[in-house]
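What follows is protein_26.cif (mmCIF, C-alpha atoms).
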```cif
data_coords
#
loop_
_atom_site.label_atom_id
_atom_site.label_comp_id
_atom_site.auth_asym_id
_atom_site.auth_seq_id
_atom_site.Cartn_x
_atom_site.Cartn_y
_atom_site.Cartn_z
CA MET Z 1 158.60 68.32 3.27
CA ASP Z 2 158.37 69.50 -0.35
CA ASN Z 3 160.65 67.89 -2.94
CA ARG Z 4 159.78 70.21 -5.79
CA PRO Z 5 162.61 72.45 -7.09
CA ILE Z 6 163.18 76.11 -6.34
CA GLY Z 7 162.82 78.38 -9.39
CA VAL Z 8 165.22 81.26 -9.98
CA PHE Z 9 165.20 83.72 -12.87
CA ASP Z 10 167.06 86.75 -14.11
CA SER Z 11 167.45 88.75 -17.30
CA GLY Z 12 170.69 86.90 -17.98
CA LEU Z 13 173.57 85.45 -15.99
CA GLY Z 14 173.51 87.66 -12.90
CA GLY Z 15 170.98 85.53 -11.07
CA LEU Z 16 173.60 82.80 -10.88
CA THR Z 17 175.14 84.75 -7.99
CA ALA Z 18 171.91 84.01 -6.09
CA VAL Z 19 172.07 80.36 -7.21
CA LYS Z 20 175.61 80.18 -5.82
CA GLU Z 21 174.34 81.41 -2.44
CA LEU Z 22 171.38 79.00 -2.53
CA GLU Z 23 173.78 76.13 -3.15
CA LYS Z 24 175.65 77.17 0.00
CA VAL Z 25 172.66 77.47 2.32
CA LEU Z 26 170.44 74.79 0.75
CA PRO Z 27 172.87 72.26 -0.79
CA LYS Z 28 170.25 69.48 -1.01
CA GLU Z 29 167.58 71.49 -2.82
CA SER Z 30 166.88 71.06 -6.53
CA LEU Z 31 166.91 74.17 -8.71
CA VAL Z 32 165.52 75.35 -12.02
CA TYR Z 33 167.29 78.42 -13.38
CA PHE Z 34 165.98 80.56 -16.23
CA GLY Z 35 168.19 83.24 -17.76
CA ASP Z 36 166.62 85.42 -20.43
CA THR Z 37 169.93 85.85 -22.25
CA GLY Z 38 168.20 86.65 -25.52
CA ARG Z 39 166.63 89.81 -24.08
CA VAL Z 40 169.26 90.97 -21.58
CA PRO Z 41 169.53 93.64 -20.23
CA TYR Z 42 166.17 94.45 -18.65
CA GLY Z 43 167.47 97.54 -16.88
CA SER Z 44 167.34 99.83 -19.91
CA ARG Z 45 163.81 98.82 -20.97
CA SER Z 46 160.48 100.46 -20.14
CA ARG Z 47 158.50 99.46 -17.06
CA GLU Z 48 155.76 97.91 -19.21
CA VAL Z 49 158.23 95.72 -21.12
CA VAL Z 50 160.00 94.59 -17.94
CA ARG Z 51 156.67 93.61 -16.39
CA ARG Z 52 155.70 91.62 -19.49
CA TYR Z 53 159.02 89.81 -19.50
CA ALA Z 54 158.77 89.14 -15.77
CA ARG Z 55 155.33 87.57 -16.14
CA GLN Z 56 156.61 85.31 -18.91
CA ASP Z 57 159.66 84.30 -16.87
CA MET Z 58 157.54 83.46 -13.83
CA ASP Z 59 155.09 81.45 -15.93
CA PHE Z 60 157.98 79.49 -17.41
CA LEU Z 61 159.20 78.46 -13.95
CA LEU Z 62 155.67 77.60 -12.80
CA GLY Z 63 155.43 75.32 -15.82
CA HIS Z 64 158.36 73.38 -14.38
CA GLY Z 65 156.57 72.68 -11.12
CA VAL Z 66 158.63 74.85 -8.79
CA LYS Z 67 157.64 75.31 -5.14
CA ALA Z 68 158.96 78.88 -4.87
CA VAL Z 69 160.12 81.61 -7.25
CA LEU Z 70 163.08 83.90 -6.66
CA ALA Z 71 163.33 86.97 -8.88
CA ALA Z 72 167.12 87.27 -8.81
CA CYS Z 73 166.89 90.50 -10.75
CA GLY Z 74 166.93 93.95 -9.23
CA THR Z 75 165.01 95.43 -12.14
CA VAL Z 76 162.16 92.91 -11.90
CA SER Z 77 162.16 93.15 -8.11
CA SER Z 78 161.75 96.90 -8.40
CA THR Z 79 158.98 96.93 -10.99
CA ALA Z 80 156.99 93.68 -10.81
CA ALA Z 81 156.60 92.75 -7.15
CA ASP Z 82 152.81 92.86 -7.45
CA ILE Z 83 152.93 90.24 -10.22
CA GLY Z 84 155.04 87.97 -8.05
CA ALA Z 85 152.74 88.43 -5.09
CA ARG Z 86 149.89 86.89 -7.09
CA LEU Z 87 151.74 83.67 -7.89
CA PRO Z 88 150.33 80.39 -6.53
CA VAL Z 89 153.69 79.66 -4.85
CA PRO Z 90 155.81 81.78 -2.48
CA TYR Z 91 157.59 84.61 -4.27
CA PHE Z 92 160.84 86.26 -3.20
CA ASP Z 93 162.80 89.16 -4.61
CA VAL Z 94 165.98 91.00 -3.73
CA VAL Z 95 164.78 94.40 -2.50
CA ALA Z 96 163.36 93.88 1.00
CA PRO Z 97 166.03 91.52 2.42
CA THR Z 98 168.82 93.61 0.92
CA ALA Z 99 167.42 96.83 2.35
CA ARG Z 100 167.19 95.21 5.81
CA ALA Z 101 170.80 94.04 5.62
CA ALA Z 102 172.01 97.49 4.58
CA VAL Z 103 170.15 99.20 7.43
CA MET Z 104 171.70 96.77 9.89
CA ALA Z 105 175.18 97.32 8.45
CA THR Z 106 175.38 101.11 8.25
CA GLU Z 107 176.89 103.05 11.11
CA ASN Z 108 176.85 106.56 9.69
CA ARG Z 109 173.34 106.15 8.22
CA ARG Z 110 174.46 106.91 4.68
CA ILE Z 111 173.83 104.14 2.14
CA GLY Z 112 174.73 104.01 -1.54
CA VAL Z 113 172.62 102.01 -3.99
CA LEU Z 114 174.06 100.76 -7.28
CA GLY Z 115 171.57 99.43 -9.83
CA THR Z 116 170.33 99.42 -13.39
CA SER Z 117 168.65 102.55 -14.70
CA ALA Z 118 165.20 101.01 -14.19
CA THR Z 119 165.97 99.99 -10.60
CA ILE Z 120 167.34 103.41 -9.68
CA HIS Z 121 164.47 105.28 -11.34
CA SER Z 122 161.94 103.14 -9.47
CA GLY Z 123 163.28 104.30 -6.10
CA SER Z 124 162.55 100.85 -4.69
CA TYR Z 125 165.61 100.54 -2.48
CA ALA Z 126 165.33 104.05 -1.09
CA HIS Z 127 161.68 103.41 -0.28
CA ALA Z 128 162.40 100.07 1.40
CA ILE Z 129 165.26 101.55 3.44
CA GLN Z 130 163.27 104.55 4.62
CA GLN Z 131 160.33 102.34 5.50
CA ILE Z 132 162.67 100.82 8.08
CA ASP Z 133 164.45 104.04 9.14
CA LYS Z 134 163.37 107.40 7.78
CA GLY Z 135 166.57 109.03 9.04
CA ILE Z 136 168.88 107.15 6.71
CA GLU Z 137 170.16 109.03 3.68
CA VAL Z 138 170.23 107.09 0.41
CA PHE Z 139 172.49 107.89 -2.52
CA PRO Z 140 171.42 106.04 -5.71
CA GLN Z 141 173.65 105.56 -8.73
CA ALA Z 142 172.67 103.96 -12.02
CA CYS Z 143 175.44 101.78 -13.47
CA PRO Z 144 174.09 100.61 -16.86
CA LEU Z 145 177.42 99.33 -18.18
CA PHE Z 146 177.98 96.89 -15.30
CA VAL Z 147 175.64 94.25 -16.75
CA PRO Z 148 177.25 94.05 -20.22
CA LEU Z 149 180.69 94.00 -18.60
CA THR Z 150 179.87 90.97 -16.47
CA GLU Z 151 177.86 89.21 -19.18
CA ASN Z 152 180.98 89.35 -21.34
CA GLY Z 153 183.36 88.22 -18.61
CA PHE Z 154 184.99 91.60 -17.87
CA ILE Z 155 185.23 91.41 -14.08
CA SER Z 156 188.90 91.63 -13.12
CA PRO Z 157 189.79 94.69 -11.03
CA GLU Z 158 193.10 94.74 -12.94
CA ASP Z 159 191.30 95.25 -16.27
CA GLU Z 160 191.68 98.88 -17.38
CA LEU Z 161 188.16 98.97 -18.88
CA VAL Z 162 186.61 97.67 -15.64
CA ARG Z 163 188.60 100.12 -13.55
CA ILE Z 164 187.61 103.14 -15.65
CA VAL Z 165 183.90 102.29 -15.71
CA VAL Z 166 183.73 101.47 -12.00
CA GLU Z 167 185.63 104.62 -11.00
CA ARG Z 168 183.41 106.81 -13.17
CA TYR Z 169 180.16 105.47 -11.71
CA LEU Z 170 181.29 105.37 -8.09
CA GLU Z 171 182.84 108.82 -7.84
CA PRO Z 172 179.64 110.55 -6.62
CA VAL Z 173 178.79 107.69 -4.24
CA ARG Z 174 182.25 107.79 -2.71
CA GLY Z 175 181.98 111.56 -2.47
CA ALA Z 176 178.73 111.22 -0.50
CA GLY Z 177 180.63 109.54 2.33
CA VAL Z 178 178.56 106.37 2.49
CA ASP Z 179 179.75 103.49 4.66
CA THR Z 180 177.48 100.87 3.05
CA VAL Z 181 176.81 100.13 -0.63
CA ILE Z 182 174.02 97.93 -1.96
CA LEU Z 183 174.91 95.91 -5.03
CA GLY Z 184 171.36 96.26 -6.29
CA CYS Z 185 171.73 93.99 -9.31
CA THR Z 186 172.73 90.35 -9.02
CA HIS Z 187 175.35 90.84 -11.74
CA TYR Z 188 177.26 93.31 -9.60
CA PRO Z 189 178.86 90.91 -7.05
CA LEU Z 190 181.10 89.76 -9.90
CA LEU Z 191 182.56 93.27 -9.78
CA SER Z 192 182.73 93.40 -5.99
CA GLU Z 193 186.54 93.43 -5.84
CA ALA Z 194 186.72 96.33 -8.29
CA ILE Z 195 183.89 98.15 -6.49
CA GLY Z 196 185.53 97.57 -3.12
CA ARG Z 197 188.80 99.04 -4.35
CA ALA Z 198 187.04 102.08 -5.79
CA MET Z 199 185.07 102.72 -2.59
CA GLY Z 200 188.05 102.23 -0.31
CA PRO Z 201 188.39 100.53 3.08
CA GLY Z 202 185.63 100.69 5.65
CA VAL Z 203 182.75 100.45 3.16
CA THR Z 204 180.49 97.39 3.46
CA LEU Z 205 179.14 95.89 0.23
CA ILE Z 206 175.71 94.24 0.46
CA ASN Z 207 175.21 91.36 -1.99
CA SER Z 208 171.55 91.35 -3.03
CA GLY Z 209 171.66 87.77 -4.31
CA LYS Z 210 173.06 86.52 -1.02
CA GLU Z 211 170.46 88.34 1.06
CA ALA Z 212 167.60 87.08 -1.11
CA ALA Z 213 168.88 83.49 -0.96
CA ASN Z 214 169.12 83.66 2.82
CA ALA Z 215 165.58 85.05 3.09
CA LEU Z 216 164.19 82.29 0.86
CA ALA Z 217 166.03 79.58 2.80
CA ALA Z 218 164.76 80.90 6.14
CA ALA Z 219 161.17 81.07 4.87
CA LEU Z 220 161.20 77.50 3.51
CA GLU Z 221 162.69 76.18 6.73
CA GLU Z 222 160.11 78.03 8.84
CA THR Z 223 157.17 76.73 6.79
CA GLY Z 224 158.39 73.16 6.40
CA GLY Z 225 158.99 73.63 2.69
CA LEU Z 226 162.45 72.05 2.47
CA CYS Z 227 163.02 68.78 0.61
CA ALA Z 228 163.38 65.40 2.27
CA PRO Z 229 166.95 64.85 3.58
CA LYS Z 230 167.65 61.94 1.23
CA GLU Z 231 166.09 63.47 -1.88
CA GLU Z 232 168.41 63.35 -4.90
CA ARG Z 233 169.33 66.87 -6.01
CA SER Z 234 168.95 68.09 -9.59
CA ALA Z 235 169.75 71.37 -11.32
CA GLU Z 236 168.31 72.52 -14.65
CA PHE Z 237 169.44 75.59 -16.58
CA TYR Z 238 167.44 77.27 -19.36
CA VAL Z 239 168.40 80.25 -21.50
CA THR Z 240 166.87 82.00 -24.49
CA ASP Z 241 170.10 82.50 -26.44
CA ALA Z 242 173.85 81.73 -26.61
CA PRO Z 243 174.16 78.60 -24.45
CA GLU Z 244 177.89 78.37 -25.18
CA ASN Z 245 178.57 81.78 -23.65
CA PHE Z 246 176.27 80.92 -20.75
CA SER Z 247 178.24 77.78 -19.98
CA THR Z 248 181.55 79.64 -19.96
CA VAL Z 249 180.46 82.57 -17.84
CA ALA Z 250 178.28 80.40 -15.55
CA GLN Z 251 181.39 78.56 -14.45
CA LEU Z 252 182.87 81.94 -13.56
CA PHE Z 253 179.77 82.86 -11.53
CA LEU Z 254 179.24 79.52 -9.77
CA GLY Z 255 182.75 78.19 -9.41
CA HIS Z 256 181.76 74.92 -11.09
CA SER Z 257 180.60 73.75 -14.51
CA VAL Z 258 176.95 73.40 -15.49
CA GLU Z 259 175.54 70.66 -17.67
CA GLY Z 260 172.43 70.15 -19.79
CA ILE Z 261 171.73 73.78 -20.67
CA ARG Z 262 168.62 74.07 -22.81
CA VAL Z 263 167.82 76.88 -25.20
CA ASP Z 264 164.46 75.79 -26.63
CA ILE Z 265 162.48 78.65 -25.12
CA THR Z 266 160.63 81.24 -27.20
CA PHE Z 267 158.12 83.88 -26.19
CA ASP Z 268 155.61 85.77 -28.30
#
```
Here is the file; what I need is its structure written in the form of structure tokens.
Amino acid sequence: MDNRPIGVFDSGLGGLTAVKELEKVLPKESLVYFGDTGRVPYGSRSREVVRRYARQDMDFLLGHGVKAVLAACGTVSSTAADIGARLPVPYFDVVAPTARAAVMATENRRIGVLGTSATIHSGSYAHAIQQIDKGIEVFPQACPLFVPLTENGFISPEDELVRIVVERYLEPVRGAGVDTVILGCTHYPLLSEAIGRAMGPGVTLINSGKEAANALAAALEETGGLCAPKEERSAEFYVTDAPENFSTVAQLFLGHSVEGIRVDITFD
């Protein structure tokens, strides 16, 4: 048994979709969430900057005594896995479990990948998929406007702005005839209804936050790393800017309110 909390981080609010899934599969576990809202988005930044931010985010969580770290960020997962692998606690990201789920789901062996510019340029999902099955065709599509849309609460499929942006990005993916689409950024599940409508029936959407949460839960259970059954659960939320906006949108992401958000974090 290990009663320490699980640490989760993202460039902003998107990682809360992974927190939501962790709350489903591990309802007794304590959590520490760090959202770098002051520097969101990561997806348009250089690889060197993303890696520096990722190291700082991981160090912040380690400073709070976490027993595992989940990079609930497709951009970090695609560019800083080697940094995570050197942590003194188990490290999980979204790429490998999501790629496995997509390979299992596809029937026509054509998979679309939606992600930030940095994630798509890294080729991480295509590499992970073809490591499993070289015969699968992968069709990547950068969707840089999806993060600011969700961070500002624009998620309704009825919203004209959402519809136009989603349709514009997904046109080539739909045209490729994929039957499976990876939501390669943890912000994107908030747009899943709009994405599903744009892709049409018969296309499976793979939620990267959900797959990462399931992988982390399975690993902790297998290694005896879960908390004691009667341990009292806690949840802490930290951001680097705009806690009021975080509170509002977090309720949208999680389906419940969050308390005690702290914003006293600064990095050099």
Self-check item: Residue among Z:Val239, Z:Val89, Z:Val103, Z:Ala212 lying closest to Leu22 of chain Z, counting only C-alpha atoms
Solution: Z:Ala212
Quiz item: By how many Å are atom CA of Gln56 of chain Z and atom CA of Tyr42 of chain Z apart?
Solution: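 Value for the atom CA of Gln56 of chain Z-atom CA of Tyr42 of chain Z distance: 13.2 Å.
Computed from the coordinates, the atom CA of Ile6 of chain Z to atom CA of Ala54 of chain Z distance equals 16.7 Å.
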Quiz prompt | Residue among Z:Ala215, Z:Leu145, Z:Ala194, Z:Ala101 lying closest to Gly43 of chain Z, counting all atoms listed in the file | solution =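 So, comparing all the options, the nearest one is Z:Leu145.
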Quiz item: So what do you get for atom CA of Asp159 of chain Z versus atom CA of Ile111 of chain Z, distance-wise?
Solution: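 Atom CA of Ile111 of chain Z lies at a distance of 26.9 Å from atom CA of Asp159 of chain Z.
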Self-check item: Spatial neighbours of Leu252 of chain Z, max dist 12 Å, only C-alpha atoms, sep filter under 4 positions, as a VMD selection string
Solution: chain Z and resid 13 to 14 16 to 17 20 150 to 156 187 189 to 191 245 to 248 256 to 258
Practice problem: For the file shown, report as a list in words the outcome of the PyMOL selection byres ((chain Z and resi 138) around 10) at residue level. | Solution: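 Applied to this file, the PyMOL selection byres ((chain Z and resi 138) around 10) selects Arg109, Arg110, Ile111, Gly112, Val113, Gly123, Tyr125, Ala126, His127, Ile129, Gln130, Gly135, Ile136, Glu137, Phe139, Pro140, Gln141, Val173, Ala176, Val178, Thr180 and Val181 of chain Z.
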Exercise. List the neighbours of Pro97 of chain Z out to 10 Å using all atoms listed in the file; skip same-chain residues closer than 6 positions along the sequence, and give me the result as a ChimeraX atom specification.
Key: /Z:128,208-216
Incomplete segment 170-188 of chain Z brought to N, CA, C and O atoms, written out as an mmCIF file, keeping the file's coordinate frame:
```
data_model
loop_
_atom_site.group_PDB
_atom_site.id
_atom_site.type_symbol
_atom_site.label_atom_id
_atom_site.label_comp_id
_atom_site.auth_asym_id
_atom_site.auth_seq_id
_atom_site.Cartn_x
_atom_site.Cartn_y
_atom_site.Cartn_z
ATOM 1 N N LEU Z 170 181.277 105.320 -9.557
ATOM 2 C CA LEU Z 170 181.290 105.370 -8.090
ATOM 3 C C LEU Z 170 181.800 106.680 -7.519
ATOM 4 O O LEU Z 170 181.696 106.900 -6.313
ATOM 5 N N GLU Z 171 182.304 107.556 -8.348
ATOM 6 C CA GLU Z 171 182.840 108.820 -7.840
ATOM 7 C C GLU Z 171 181.825 109.597 -6.992
ATOM 8 O O GLU Z 171 182.145 110.017 -5.870
ATOM 9 N N PRO Z 172 180.579 109.795 -7.461
ATOM 10 C CA PRO Z 172 179.640 110.550 -6.620
ATOM 11 C C PRO Z 172 179.210 109.790 -5.362
ATOM 12 O O PRO Z 172 178.931 110.413 -4.327
ATOM 13 N N VAL Z 173 179.171 108.473 -5.420
ATOM 14 C CA VAL Z 173 178.790 107.690 -4.240
ATOM 15 C C VAL Z 173 179.891 107.775 -3.191
ATOM 16 O O VAL Z 173 179.620 107.951 -2.002
ATOM 17 N N ARG Z 174 181.120 107.654 -3.631
ATOM 18 C CA ARG Z 174 182.250 107.790 -2.710
ATOM 19 C C ARG Z 174 182.270 109.201 -2.109
ATOM 20 O O ARG Z 174 182.508 109.374 -0.905
ATOM 21 N N GLY Z 175 181.989 110.184 -2.952
ATOM 22 C CA GLY Z 175 181.980 111.560 -2.470
ATOM 23 C C GLY Z 175 180.890 111.849 -1.452
ATOM 24 O O GLY Z 175 180.998 112.790 -0.661
ATOM 25 N N ALA Z 176 179.829 111.034 -1.454
ATOM 26 C CA ALA Z 176 178.730 111.220 -0.500
ATOM 27 C C ALA Z 176 179.081 110.712 0.895
ATOM 28 O O ALA Z 176 178.323 110.928 1.837
ATOM 29 N N GLY Z 177 180.203 110.005 1.015
ATOM 30 C CA GLY Z 177 180.630 109.540 2.330
ATOM 31 C C GLY Z 177 179.847 108.369 2.883
ATOM 32 O O GLY Z 177 179.724 108.219 4.102
ATOM 33 N N VAL Z 178 179.325 107.524 2.014
ATOM 34 C CA VAL Z 178 178.560 106.370 2.490
ATOM 35 C C VAL Z 178 179.502 105.358 3.143
ATOM 36 O O VAL Z 178 180.692 105.293 2.824
ATOM 37 N N ASP Z 179 178.956 104.571 4.073
ATOM 38 C CA ASP Z 179 179.750 103.490 4.660
ATOM 39 C C ASP Z 179 179.207 102.110 4.257
ATOM 40 O O ASP Z 179 179.768 101.078 4.636
ATOM 41 N N THR Z 180 178.122 102.111 3.489
ATOM 42 C CA THR Z 180 177.480 100.870 3.050
ATOM 43 C C THR Z 180 177.002 101.062 1.614
ATOM 44 O O THR Z 180 176.440 102.111 1.294
ATOM 45 N N VAL Z 181 177.235 100.050 0.772
ATOM 46 C CA VAL Z 181 176.810 100.130 -0.630
ATOM 47 C C VAL Z 181 176.043 98.861 -0.985
ATOM 48 O O VAL Z 181 176.542 97.748 -0.808
ATOM 49 N N ILE Z 182 174.834 99.051 -1.475
ATOM 50 C CA ILE Z 182 174.020 97.930 -1.960
ATOM 51 C C ILE Z 182 174.378 97.626 -3.404
ATOM 52 O O ILE Z 182 174.351 98.514 -4.253
ATOM 53 N N LEU Z 183 174.735 96.378 -3.664
ATOM 54 C CA LEU Z 183 174.910 95.910 -5.030
ATOM 55 C C LEU Z 183 173.531 95.479 -5.503
ATOM 56 O O LEU Z 183 173.136 94.327 -5.382
ATOM 57 N N GLY Z 184 172.793 96.442 -6.054
ATOM 58 C CA GLY Z 184 171.360 96.260 -6.290
ATOM 59 C C GLY Z 184 171.003 95.528 -7.562
ATOM 60 O O GLY Z 184 169.849 95.557 -7.984
ATOM 61 N N CYS Z 185 171.956 94.863 -8.156
ATOM 62 C CA CYS Z 185 171.730 93.990 -9.310
ATOM 63 C C CYS Z 185 172.564 92.751 -9.063
ATOM 64 O O CYS Z 185 173.712 92.853 -8.614
ATOM 65 N N THR Z 186 172.013 91.584 -9.351
ATOM 66 C CA THR Z 186 172.730 90.350 -9.020
ATOM 67 C C THR Z 186 173.935 90.102 -9.933
ATOM 68 O O THR Z 186 174.716 89.181 -9.681
ATOM 69 N N HIS Z 187 174.102 90.909 -10.970
ATOM 70 C CA HIS Z 187 175.350 90.840 -11.740
ATOM 71 C C HIS Z 187 176.507 91.476 -10.961
ATOM 72 O O HIS Z 187 177.665 91.092 -11.158
ATOM 73 N N TYR Z 188 176.218 92.454 -10.144
ATOM 74 C CA TYR Z 188 177.260 93.310 -9.600
ATOM 75 C C TYR Z 188 178.239 92.628 -8.635
ATOM 76 O O TYR Z 188 179.390 93.082 -8.529
#
```
